[in-house]
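Printed here is upload.cif (mmCIF, C-alpha atoms):
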```
data_input
loop_
_atom_site.label_atom_id
_atom_site.label_comp_id
_atom_site.auth_asym_id
_atom_site.auth_seq_id
_atom_site.Cartn_x
_atom_site.Cartn_y
_atom_site.Cartn_z
CA MET A 14 28.16 -32.45 24.06
CA GLY A 15 31.70 -32.65 25.38
CA ASN A 16 33.04 -32.93 21.84
CA LEU A 17 31.16 -29.80 20.80
CA GLN A 18 32.41 -27.88 23.83
CA GLU A 19 35.98 -28.86 22.99
CA ALA A 20 35.49 -27.91 19.35
CA ILE A 21 34.17 -24.49 20.38
CA LYS A 22 37.09 -23.94 22.74
CA ASP A 23 39.56 -24.91 20.02
CA TRP A 24 37.88 -22.55 17.57
CA ILE A 25 37.93 -19.48 19.79
CA LYS A 26 41.45 -20.12 21.08
CA ASP A 27 42.84 -18.32 18.04
CA ARG A 28 39.76 -16.10 17.65
CA PRO A 29 39.20 -14.51 21.09
CA TYR A 30 36.95 -11.83 19.56
CA LEU A 31 34.28 -14.54 19.22
CA ARG A 32 34.34 -15.50 22.89
CA GLU A 33 31.05 -13.83 23.92
CA VAL A 34 28.97 -15.19 21.04
CA ALA A 35 30.61 -18.60 21.58
CA LYS A 36 29.45 -18.58 25.20
CA LEU A 37 25.92 -17.80 24.02
CA GLN A 38 25.98 -20.70 21.56
CA GLU A 39 27.52 -23.08 24.06
CA THR A 40 24.77 -22.30 26.59
CA ILE A 41 22.07 -22.93 23.97
CA ALA A 42 23.76 -26.14 22.81
CA THR A 43 23.93 -27.43 26.39
CA VAL A 44 20.18 -26.90 26.81
CA ILE A 45 19.39 -28.63 23.53
CA GLU A 46 21.67 -31.56 24.37
CA GLY A 47 19.98 -32.00 27.74
CA ASN A 48 16.39 -31.57 26.61
CA SER A 49 14.05 -34.43 27.40
CA ILE A 50 11.64 -33.82 24.51
CA GLN A 51 11.05 -37.00 22.55
CA GLU A 52 11.42 -36.80 18.78
CA HIS A 53 8.03 -36.38 17.22
CA GLN A 54 7.21 -37.48 13.67
CA ALA A 55 3.95 -35.89 12.56
CA GLY A 56 1.68 -37.68 10.12
CA TYR A 57 1.75 -35.28 7.20
CA ASP A 58 0.30 -36.22 3.82
CA TRP A 59 3.63 -36.43 2.01
CA LYS A 60 2.03 -37.60 -1.26
CA ASN A 61 0.46 -34.14 -1.54
CA VAL A 62 3.58 -32.36 -0.30
CA VAL A 63 5.93 -33.80 -2.96
CA PRO A 64 4.19 -32.00 -5.89
CA GLU A 65 4.53 -28.74 -3.94
CA ILE A 66 8.24 -29.38 -3.45
CA LYS A 67 8.58 -29.93 -7.20
CA LYS A 68 6.98 -26.50 -7.74
CA GLY A 69 9.57 -24.92 -5.45
CA ILE A 70 7.27 -24.37 -2.47
CA PRO A 71 9.04 -24.77 0.91
CA VAL A 72 7.54 -27.50 3.09
CA LEU A 73 6.46 -25.16 5.91
CA LYS A 74 4.43 -23.22 3.33
CA ALA A 75 2.87 -26.42 1.98
CA ILE A 76 1.75 -27.89 5.31
CA LYS A 77 0.22 -26.69 8.53
CA ILE A 78 2.80 -27.49 11.17
CA ASP A 79 1.36 -29.78 13.84
CA SER A 80 0.69 -28.53 17.35
CA LYS A 81 3.05 -31.03 19.00
CA THR A 82 6.07 -29.69 17.08
CA ILE A 83 5.14 -26.13 18.08
CA GLU A 84 4.71 -27.27 21.67
CA ASN A 85 8.13 -28.97 21.67
CA ALA A 86 9.79 -25.87 20.22
CA ALA A 87 7.99 -23.64 22.73
CA ASP A 88 9.13 -25.79 25.67
CA LEU A 89 12.69 -25.69 24.38
CA LEU A 90 12.48 -21.90 23.91
CA ILE A 91 11.49 -21.50 27.57
CA ASP A 92 14.39 -23.73 28.69
CA ILE A 93 16.86 -21.76 26.56
CA VAL A 94 15.65 -18.42 27.91
CA ASP A 95 15.92 -19.71 31.49
CA ALA A 96 19.49 -20.87 30.91
CA LEU A 97 20.57 -17.64 29.24
CA ALA A 98 18.97 -15.54 31.99
CA ALA A 99 21.34 -17.20 34.48
CA ALA A 100 24.43 -17.35 32.24
CA SER A 101 27.59 -15.24 32.35
CA LEU A 102 26.83 -13.17 29.27
CA PRO A 103 26.93 -9.44 28.42
CA GLU A 104 24.67 -7.47 30.75
CA LYS A 105 22.27 -6.25 28.07
CA MET A 106 21.73 -9.77 26.75
CA VAL A 107 21.07 -11.15 30.23
CA GLN A 108 18.59 -8.32 30.86
CA HIS A 109 16.72 -9.18 27.65
CA CYS A 110 16.60 -12.84 28.71
CA GLN A 111 15.45 -12.06 32.25
CA LYS A 112 12.70 -9.82 30.91
CA MET A 113 11.65 -12.49 28.43
CA GLN A 114 11.77 -15.12 31.19
CA SER A 115 9.37 -13.01 33.28
CA VAL A 116 7.00 -12.44 30.34
CA LEU A 117 6.91 -16.15 29.43
CA LEU A 118 6.11 -17.03 33.05
CA GLU A 119 3.19 -14.59 33.05
CA ASN A 120 1.75 -15.85 29.76
CA ALA A 121 1.80 -19.62 29.36
CA GLU A 122 0.74 -19.45 25.70
CA LEU A 123 3.21 -16.80 24.54
CA ALA A 124 6.10 -19.14 23.70
CA GLY A 125 3.86 -21.11 21.34
CA HIS A 126 2.60 -17.89 19.73
CA ILE A 127 6.20 -16.73 19.17
CA ILE A 128 7.13 -20.04 17.52
CA ALA A 129 4.05 -19.97 15.27
CA GLU A 130 4.70 -16.34 14.25
CA VAL A 131 8.32 -17.04 13.38
CA ILE A 132 7.30 -20.02 11.24
CA GLU A 133 4.71 -17.89 9.46
CA SER A 134 6.61 -14.63 8.92
CA ASN A 135 10.09 -14.93 10.44
CA SER A 136 9.17 -12.13 12.82
CA VAL A 137 7.29 -11.35 16.03
CA GLN A 138 4.86 -8.51 16.56
CA PRO A 139 7.00 -5.54 17.63
CA ASN A 140 3.96 -3.80 19.13
CA ASP A 141 3.15 -6.71 21.45
CA PRO A 142 3.10 -4.98 24.87
CA SER A 143 4.02 -8.18 26.67
CA LEU A 144 7.40 -8.28 24.94
CA GLY A 145 8.23 -4.75 26.01
CA GLU A 146 11.67 -3.57 24.97
CA ILE A 147 13.08 -7.00 24.13
CA ASP A 148 14.93 -6.88 20.82
CA GLU A 149 12.81 -8.55 18.13
CA GLY A 150 15.83 -9.96 16.31
CA PHE A 151 17.01 -11.64 19.49
CA ILE A 152 13.59 -13.24 20.02
CA VAL A 153 13.58 -14.54 16.44
CA PHE A 154 17.09 -15.93 16.93
CA LEU A 155 16.03 -17.82 20.09
CA ALA A 156 12.90 -19.11 18.35
CA TRP A 157 14.93 -20.52 15.44
CA SER A 158 17.43 -22.04 17.88
CA SER A 159 14.48 -23.98 19.33
CA LEU A 160 12.80 -24.72 16.01
CA SER A 161 15.98 -26.03 14.42
CA GLU A 162 15.97 -28.82 16.99
CA ALA A 163 12.20 -29.43 17.07
CA LEU A 164 12.09 -29.69 13.26
CA LYS A 165 14.79 -32.38 13.06
CA PRO A 166 12.35 -35.23 12.18
CA LEU A 167 10.76 -33.08 9.47
CA LYS A 168 14.16 -32.05 8.07
CA SER A 169 15.23 -35.69 7.93
CA LYS A 170 12.08 -36.56 5.97
CA VAL A 171 12.63 -33.66 3.56
CA THR A 172 16.24 -34.73 3.02
CA GLU A 173 14.94 -38.19 2.11
CA LEU A 174 12.38 -36.72 -0.31
CA LEU A 175 14.97 -34.51 -1.98
CA LYS A 176 16.99 -37.55 -3.08
CA ASP A 177 14.39 -38.08 -5.82
CA ASN A 178 13.27 -34.46 -6.15
CA LYS A 179 16.37 -32.32 -6.52
CA TRP A 180 15.80 -28.87 -5.04
CA ARG A 181 18.76 -26.89 -6.46
CA ARG A 182 17.18 -23.60 -5.44
CA GLY A 183 18.78 -20.74 -3.57
CA TYR A 184 16.33 -20.82 -0.66
CA CYS A 185 15.61 -23.40 2.02
CA PRO A 186 13.30 -26.29 1.06
CA VAL A 187 11.94 -26.38 4.61
CA CYS A 188 11.35 -22.79 5.75
CA GLY A 189 12.06 -20.78 2.60
CA GLN A 190 14.77 -18.59 4.13
CA LEU A 191 18.07 -17.80 2.41
CA PRO A 192 21.38 -19.58 3.13
CA ALA A 193 23.93 -18.17 5.55
CA MET A 194 26.71 -20.65 4.75
CA GLY A 195 27.77 -23.26 2.24
CA GLN A 196 30.08 -26.26 2.18
CA LEU A 197 31.95 -28.19 -0.48
CA VAL A 198 31.27 -31.88 0.11
CA ARG A 199 32.32 -35.05 -1.66
CA VAL A 200 29.14 -36.82 -2.70
CA GLU A 201 30.49 -39.88 -4.51
CA LYS A 202 33.93 -41.30 -5.14
CA ASP A 203 35.65 -39.86 -8.24
CA ARG A 204 32.86 -37.34 -8.83
CA GLY A 205 34.60 -34.38 -7.26
CA ARG A 206 32.70 -32.19 -4.83
CA GLU A 207 29.35 -30.44 -4.77
CA ARG A 208 28.25 -27.36 -2.92
CA GLU A 209 25.66 -27.63 -0.18
CA LEU A 210 23.86 -24.64 1.27
CA VAL A 211 22.94 -24.21 4.93
CA CYS A 212 19.79 -22.31 5.92
CA GLY A 213 20.47 -19.32 8.15
CA CYS A 214 17.33 -20.05 10.18
CA CYS A 215 16.34 -23.73 10.51
CA GLN A 216 19.83 -25.07 9.64
CA MET A 217 18.51 -27.33 6.87
CA ARG A 218 21.13 -28.41 4.31
CA TRP A 219 20.55 -29.01 0.61
CA GLN A 220 22.54 -29.48 -2.58
CA TYR A 221 23.06 -26.55 -4.92
CA ARG A 222 25.06 -25.92 -8.07
CA ARG A 223 28.83 -25.92 -7.63
CA ILE A 224 29.01 -22.61 -9.49
CA GLY A 225 26.29 -19.98 -9.30
CA CYS A 226 24.88 -17.30 -7.02
CA PRO A 227 22.04 -18.65 -4.83
CA TYR A 228 20.71 -15.13 -4.27
CA CYS A 229 20.16 -13.96 -7.86
CA ASP A 230 20.71 -17.19 -9.87
CA ASN A 231 23.63 -15.65 -11.74
CA LEU A 232 25.60 -18.36 -13.61
CA GLU A 233 28.11 -16.14 -15.45
CA GLN A 234 31.47 -17.39 -14.23
CA GLU A 235 33.32 -14.15 -15.02
CA THR A 236 31.13 -12.33 -12.48
CA LEU A 237 31.46 -15.02 -9.79
CA LYS A 238 34.68 -14.53 -7.83
CA ILE A 239 36.26 -16.00 -4.73
CA ILE A 240 37.86 -14.11 -1.84
CA GLU A 241 40.52 -16.30 -0.25
CA VAL A 242 41.18 -15.76 3.47
CA ALA A 243 44.85 -16.40 4.25
CA GLU A 244 44.24 -16.87 7.98
CA GLU A 245 41.42 -19.38 7.36
CA PRO A 246 42.61 -22.06 4.88
CA ASP A 247 39.37 -24.07 5.26
CA LEU A 248 37.15 -21.10 4.46
CA ARG A 249 36.52 -18.78 1.54
CA ILE A 250 33.95 -16.21 0.43
CA ASP A 251 32.03 -16.70 -2.82
CA THR A 252 30.95 -13.37 -4.33
CA CYS A 253 28.59 -12.27 -7.09
CA GLU A 254 29.31 -9.03 -8.95
CA LYS A 255 25.77 -8.89 -10.35
CA CYS A 256 23.84 -8.64 -7.06
CA ARG A 257 26.91 -7.77 -4.92
CA SER A 258 26.15 -10.59 -2.47
CA TYR A 259 28.58 -12.95 -0.77
CA LEU A 260 28.34 -16.44 0.73
CA LYS A 261 30.72 -17.94 3.28
CA ILE A 262 31.97 -21.40 2.27
CA TYR A 263 33.54 -24.18 4.34
CA THR A 264 35.89 -26.03 1.97
CA ASN A 265 36.77 -28.92 4.30
CA GLU A 266 34.87 -31.52 6.33
CA GLY A 267 34.86 -32.67 9.94
CA ASN A 268 34.05 -29.53 11.96
CA GLU A 269 30.58 -28.76 10.61
CA GLN A 270 28.94 -28.29 14.03
CA VAL A 271 31.08 -25.26 14.75
CA ILE A 272 32.06 -23.79 11.38
CA LEU A 273 28.62 -24.00 9.74
CA ALA A 274 26.90 -22.45 12.74
CA ASP A 275 27.44 -18.94 11.25
CA TRP A 276 28.52 -17.28 14.53
CA SER A 277 31.97 -18.83 14.18
CA THR A 278 32.70 -16.95 10.95
CA LEU A 279 31.48 -13.45 11.77
CA HIS A 280 34.95 -12.18 10.88
CA LEU A 281 34.33 -13.35 7.30
CA ASP A 282 31.21 -11.19 7.19
CA LEU A 283 33.42 -8.21 7.96
CA ILE A 284 35.81 -9.17 5.16
CA GLY A 285 32.96 -9.61 2.67
CA GLU A 286 31.49 -6.23 3.52
CA LYS A 287 34.85 -4.46 3.52
CA ASN A 288 35.27 -5.72 -0.05
CA GLY A 289 32.05 -4.04 -1.09
CA PHE A 290 29.67 -7.01 -0.92
CA LYS A 291 26.51 -7.43 1.15
CA ARG A 292 25.11 -10.22 3.26
CA THR A 293 21.85 -11.20 1.56
CA GLY A 294 21.17 -14.29 3.67
CA TYR A 295 19.26 -13.74 6.91
CA ARG A 296 21.55 -12.37 9.62
CA MET A 297 21.00 -13.90 13.05
CA TYR A 298 24.07 -12.33 14.60
CA GLY A 299 24.91 -8.63 14.70
CA LEU A 300 28.42 -7.44 13.93
#
```

This entry written out as structure tokens:
Amino acid sequence: MGNLQEAIKDWIKDRPYLREVAKLQETIATVIEGNSIQEHQAGYDWKNVVPEIKKGIPVLKAIKIDSKTIENAADLLIDIVDALAAASLPEKMVQHCQKMQSVLLENAELAGHIIAEVIESNSVQPNDPSLGEIDEGFIVFLAWSSLSEALKPLKSKVTELLKDNKWRRGYCPVCGQLPAMGQLVRVEKDRGRERELVCGCCQMRWQYRRIGCPYCDNLEQETLKIIEVAEEPDLRIDTCEKCRSYLKIYTNEGNEQVILADWSTLHLDLIGEKNGFKRTGYRMYGL
């Protein structure tokens, strides 16, 4: 955890405008690092799941997630909310967390319901009276922060399965959501580099084509351009003139925990949008 804290501090040293969102992420990361939940590997019927993967069906749509994973994510969600409610964060955010903390204390089953709803529809019921005026997007963000950790054993298994069943699709093989980031990685010596995509929700990573738009499957190179960012030599923005989408790309290796977390490159979202492109991947963080 210390290494991550130092990496975050180094990142925001030259980017002070990210300080508040960095504090939010650091608080969440501290809770996750200190959680006592044991890794749980559910006994799914993977022989029946593999054919679904080959059809392009995300794993969470092909299986019924087991109750223990939901329970682990729900417990972690409660711990994260408790920590944020006591953290030195913007007043409105703390108020949301304190309200949510109170609601979760009153309803012991609510955290599990939130996790299950987010898995099912990437949303929570906005008309749920128990959630009051808490921002729905913020609740979804906290739920995915918990799920990303609780789903680690499942993501590891899917990564193993994808070695023989190449995914190469523009949406996440685990939860079906769209990527928020990408990275150029060296896969084998003398083979150059490939592009991996990073899910904006569960943080799953998977290989994709080096050239191509993951949002509309456009492969026409003349319509696929790159925006270089002079102040960020390890980052760039891949754009598609057909669907007018952009994707933030990390072109180096070694600082994945921070750079691929999405919050750390919010300034690239501004650049992409100022150049006339839109963020098509799910947005967890407001600008």

### All residues 12 Å or closer to Thr172 (chain A), only C-alpha atoms, same chain fewer than 6 positions away omitted, as a list in words
Val63, Ile66, Val72, Lys165, Pro166, Asn178, Lys179, Trp180, Cys185, Pro186, Val187, Met217, Arg218, Trp219 and Gln220 of chain A

Would you translate the PyMOL selection byres ((chain A and resi 129) around 12) into the concrete set of residues it matches in this file, as a PDB file with C-alpha atoms, in the coordinates of the input?
```
ATOM      1  CA  LEU A  73       6.460 -25.160   5.910  1.00  0.00           C
ATOM      2  CA  LYS A  77       0.220 -26.690   8.530  1.00  0.00           C
ATOM      3  CA  ILE A  78       2.800 -27.490  11.170  1.00  0.00           C
ATOM      4  CA  ASP A  79       1.360 -29.780  13.840  1.00  0.00           C
ATOM      5  CA  SER A  80       0.690 -28.530  17.350  1.00  0.00           C
ATOM      6  CA  LYS A  81       3.050 -31.030  19.000  1.00  0.00           C
ATOM      7  CA  THR A  82       6.070 -29.690  17.080  1.00  0.00           C
ATOM      8  CA  ILE A  83       5.140 -26.130  18.080  1.00  0.00           C
ATOM      9  CA  GLU A  84       4.710 -27.270  21.670  1.00  0.00           C
ATOM     10  CA  ASN A  85       8.130 -28.970  21.670  1.00  0.00           C
ATOM     11  CA  ALA A  86       9.790 -25.870  20.220  1.00  0.00           C
ATOM     12  CA  ALA A  87       7.990 -23.640  22.730  1.00  0.00           C
ATOM     13  CA  GLU A 122       0.740 -19.450  25.700  1.00  0.00           C
ATOM     14  CA  LEU A 123       3.210 -16.800  24.540  1.00  0.00           C
ATOM     15  CA  ALA A 124       6.100 -19.140  23.700  1.00  0.00           C
ATOM     16  CA  GLY A 125       3.860 -21.110  21.340  1.00  0.00           C
ATOM     17  CA  HIS A 126       2.600 -17.890  19.730  1.00  0.00           C
ATOM     18  CA  ILE A 127       6.200 -16.730  19.170  1.00  0.00           C
ATOM     19  CA  ILE A 128       7.130 -20.040  17.520  1.00  0.00           C
ATOM     20  CA  GLU A 130       4.700 -16.340  14.250  1.00  0.00           C
ATOM     21  CA  VAL A 131       8.320 -17.040  13.380  1.00  0.00           C
ATOM     22  CA  ILE A 132       7.300 -20.020  11.240  1.00  0.00           C
ATOM     23  CA  GLU A 133       4.710 -17.890   9.460  1.00  0.00           C
ATOM     24  CA  SER A 134       6.610 -14.630   8.920  1.00  0.00           C
ATOM     25  CA  ASN A 135      10.090 -14.930  10.440  1.00  0.00           C
ATOM     26  CA  SER A 136       9.170 -12.130  12.820  1.00  0.00           C
ATOM     27  CA  VAL A 137       7.290 -11.350  16.030  1.00  0.00           C
ATOM     28  CA  GLN A 138       4.860  -8.510  16.560  1.00  0.00           C
ATOM     29  CA  VAL A 153      13.580 -14.540  16.440  1.00  0.00           C
ATOM     30  CA  ALA A 156      12.900 -19.110  18.350  1.00  0.00           C
ATOM     31  CA  TRP A 157      14.930 -20.520  15.440  1.00  0.00           C
ATOM     32  CA  SER A 159      14.480 -23.980  19.330  1.00  0.00           C
ATOM     33  CA  LEU A 160      12.800 -24.720  16.010  1.00  0.00           C
TER      34      LEU A 160
END
```

#### Entry: Straight-line distance linking CA of Gly183 (chain A) with CA of Glu162 (chain A), stated in Å to one decimal
22.3 Å

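Among the candidate residues A:Ser277, A:Asn288, A:Asn268, A:Ser49, the one lying nearest to Glu241 (chain A) is A:Asn288, with distances computed using only C-alpha atoms.
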
## Note on the structure
If you count only C-alpha atoms, the residue of A:Leu17, A:Val62, A:Ala35, A:Glu119 closest to Val171 (chain A) turns out to be A:Val62

## Note on the structure
Using all atoms listed in the file, the best pick from A:Lys170, A:Arg249, A:His109, A:Arg182 as closest to Asp58 (chain A) would be A:Lys170

### Task
Could you tell me which of A:Trp24, A:Cys188, A:Ile284, A:Leu237 comes closest to Ala75 (chain A) if we count only C-alpha atoms?
A:Cys188

### Task
Could you check which of A:Arg181, A:Ser158, A:Asp148, A:Ala55 is closest to Lys67 (chain A), using all atoms listed in the file?
A:Arg181

### Query
Residues picked by the PyMOL selection byres ((chain A and resi 91-94) around 7) here, as number ranges by chain?
A: 41, 44, 87-90, 95-98, 110, 114

Would you mind exporting the chosen residues as a JSON list (two decimals), in the frame of the given file, restricted to C-alpha atoms?
```json
[["chain", "number", "residue", "atom", "x", "y", "z"],
["A", 41, "ILE", "CA", 22.07, -22.93, 23.97],
["A", 44, "VAL", "CA", 20.18, -26.90, 26.81],
["A", 87, "ALA", "CA", 7.99, -23.64, 22.73],
["A", 88, "ASP", "CA", 9.13, -25.79, 25.67],
["A", 89, "LEU", "CA", 12.69, -25.69, 24.38],
["A", 90, "LEU", "CA", 12.48, -21.90, 23.91],
["A", 95, "ASP", "CA", 15.92, -19.71, 31.49],
["A", 96, "ALA", "CA", 19.49, -20.87, 30.91],
["A", 97, "LEU", "CA", 20.57, -17.64, 29.24],
["A", 98, "ALA", "CA", 18.97, -15.54, 31.99],
["A", 110, "CYS", "CA", 16.60, -12.84, 28.71],
["A", 114, "GLN", "CA", 11.77, -15.12, 31.19]]
```

#### Entry: Protein, DNA and RNA residues within 9 Å of (30.8, -20.8, 16.8), only C-alpha atoms, as number ranges by chain
A: 20-21, 24-25, 31-32, 34-36, 38-39, 270-279

Deliver the residues from the most recent selection as a file, using C-alpha atoms, as a short mmCIF file (atom, residue, chain, number, x, y, z; two decimals), in the frame of the given file.
```cif
data_model
loop_
_atom_site.label_atom_id
_atom_site.label_comp_id
_atom_site.auth_asym_id
_atom_site.auth_seq_id
_atom_site.Cartn_x
_atom_site.Cartn_y
_atom_site.Cartn_z
CA ALA A 20 35.49 -27.91 19.35
CA ILE A 21 34.17 -24.49 20.38
CA TRP A 24 37.88 -22.55 17.57
CA ILE A 25 37.93 -19.48 19.79
CA LEU A 31 34.28 -14.54 19.22
CA ARG A 32 34.34 -15.50 22.89
CA VAL A 34 28.97 -15.19 21.04
CA ALA A 35 30.61 -18.60 21.58
CA LYS A 36 29.45 -18.58 25.20
CA GLN A 38 25.98 -20.70 21.56
CA GLU A 39 27.52 -23.08 24.06
CA GLN A 270 28.94 -28.29 14.03
CA VAL A 271 31.08 -25.26 14.75
CA ILE A 272 32.06 -23.79 11.38
CA LEU A 273 28.62 -24.00 9.74
CA ALA A 274 26.90 -22.45 12.74
CA ASP A 275 27.44 -18.94 11.25
CA TRP A 276 28.52 -17.28 14.53
CA SER A 277 31.97 -18.83 14.18
CA THR A 278 32.70 -16.95 10.95
CA LEU A 279 31.48 -13.45 11.77
#
```

#### Entry: Atomic distance CA of Tyr184 (chain A) - CA of Cys212 (chain A), expressed in Å with one decimal
7.6 Å

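Coordinates place CA of Lys74 (chain A) at a distance of 13.2 Å from CA of Leu167 (chain A).
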
Give me the residues of region 131-231 of chain A that have any atom at most 7 Å from an atom of region 256-261 of chain A; for each, the nearest atom pair and the distance in Å, rounded to one decimal. Use only C-alpha atoms, sort by chain and number, and format it as a tab-separated table.
```
residue	atom	partner	partner_atom	distance
A:Ala193	CA	A:Leu260	CA	6.8
A:Met194	CA	A:Lys261	CA	5.1
A:Gly195	CA	A:Lys261	CA	6.2
A:Cys229	CA	A:Cys256	CA	6.5
```

Next, the residues of the selection above should be written as a compact mmCIF listing (two decimals), in the coordinates of the input with C-alpha atoms.
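So part_18.txt came out as:
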```txt
# COMPACT_ATOMS: atom_id res chain seq x y z
CA ALA A 193 23.93 -18.17 5.55
CA MET A 194 26.71 -20.65 4.75
CA GLY A 195 27.77 -23.26 2.24
CA CYS A 229 20.16 -13.96 -7.86
```
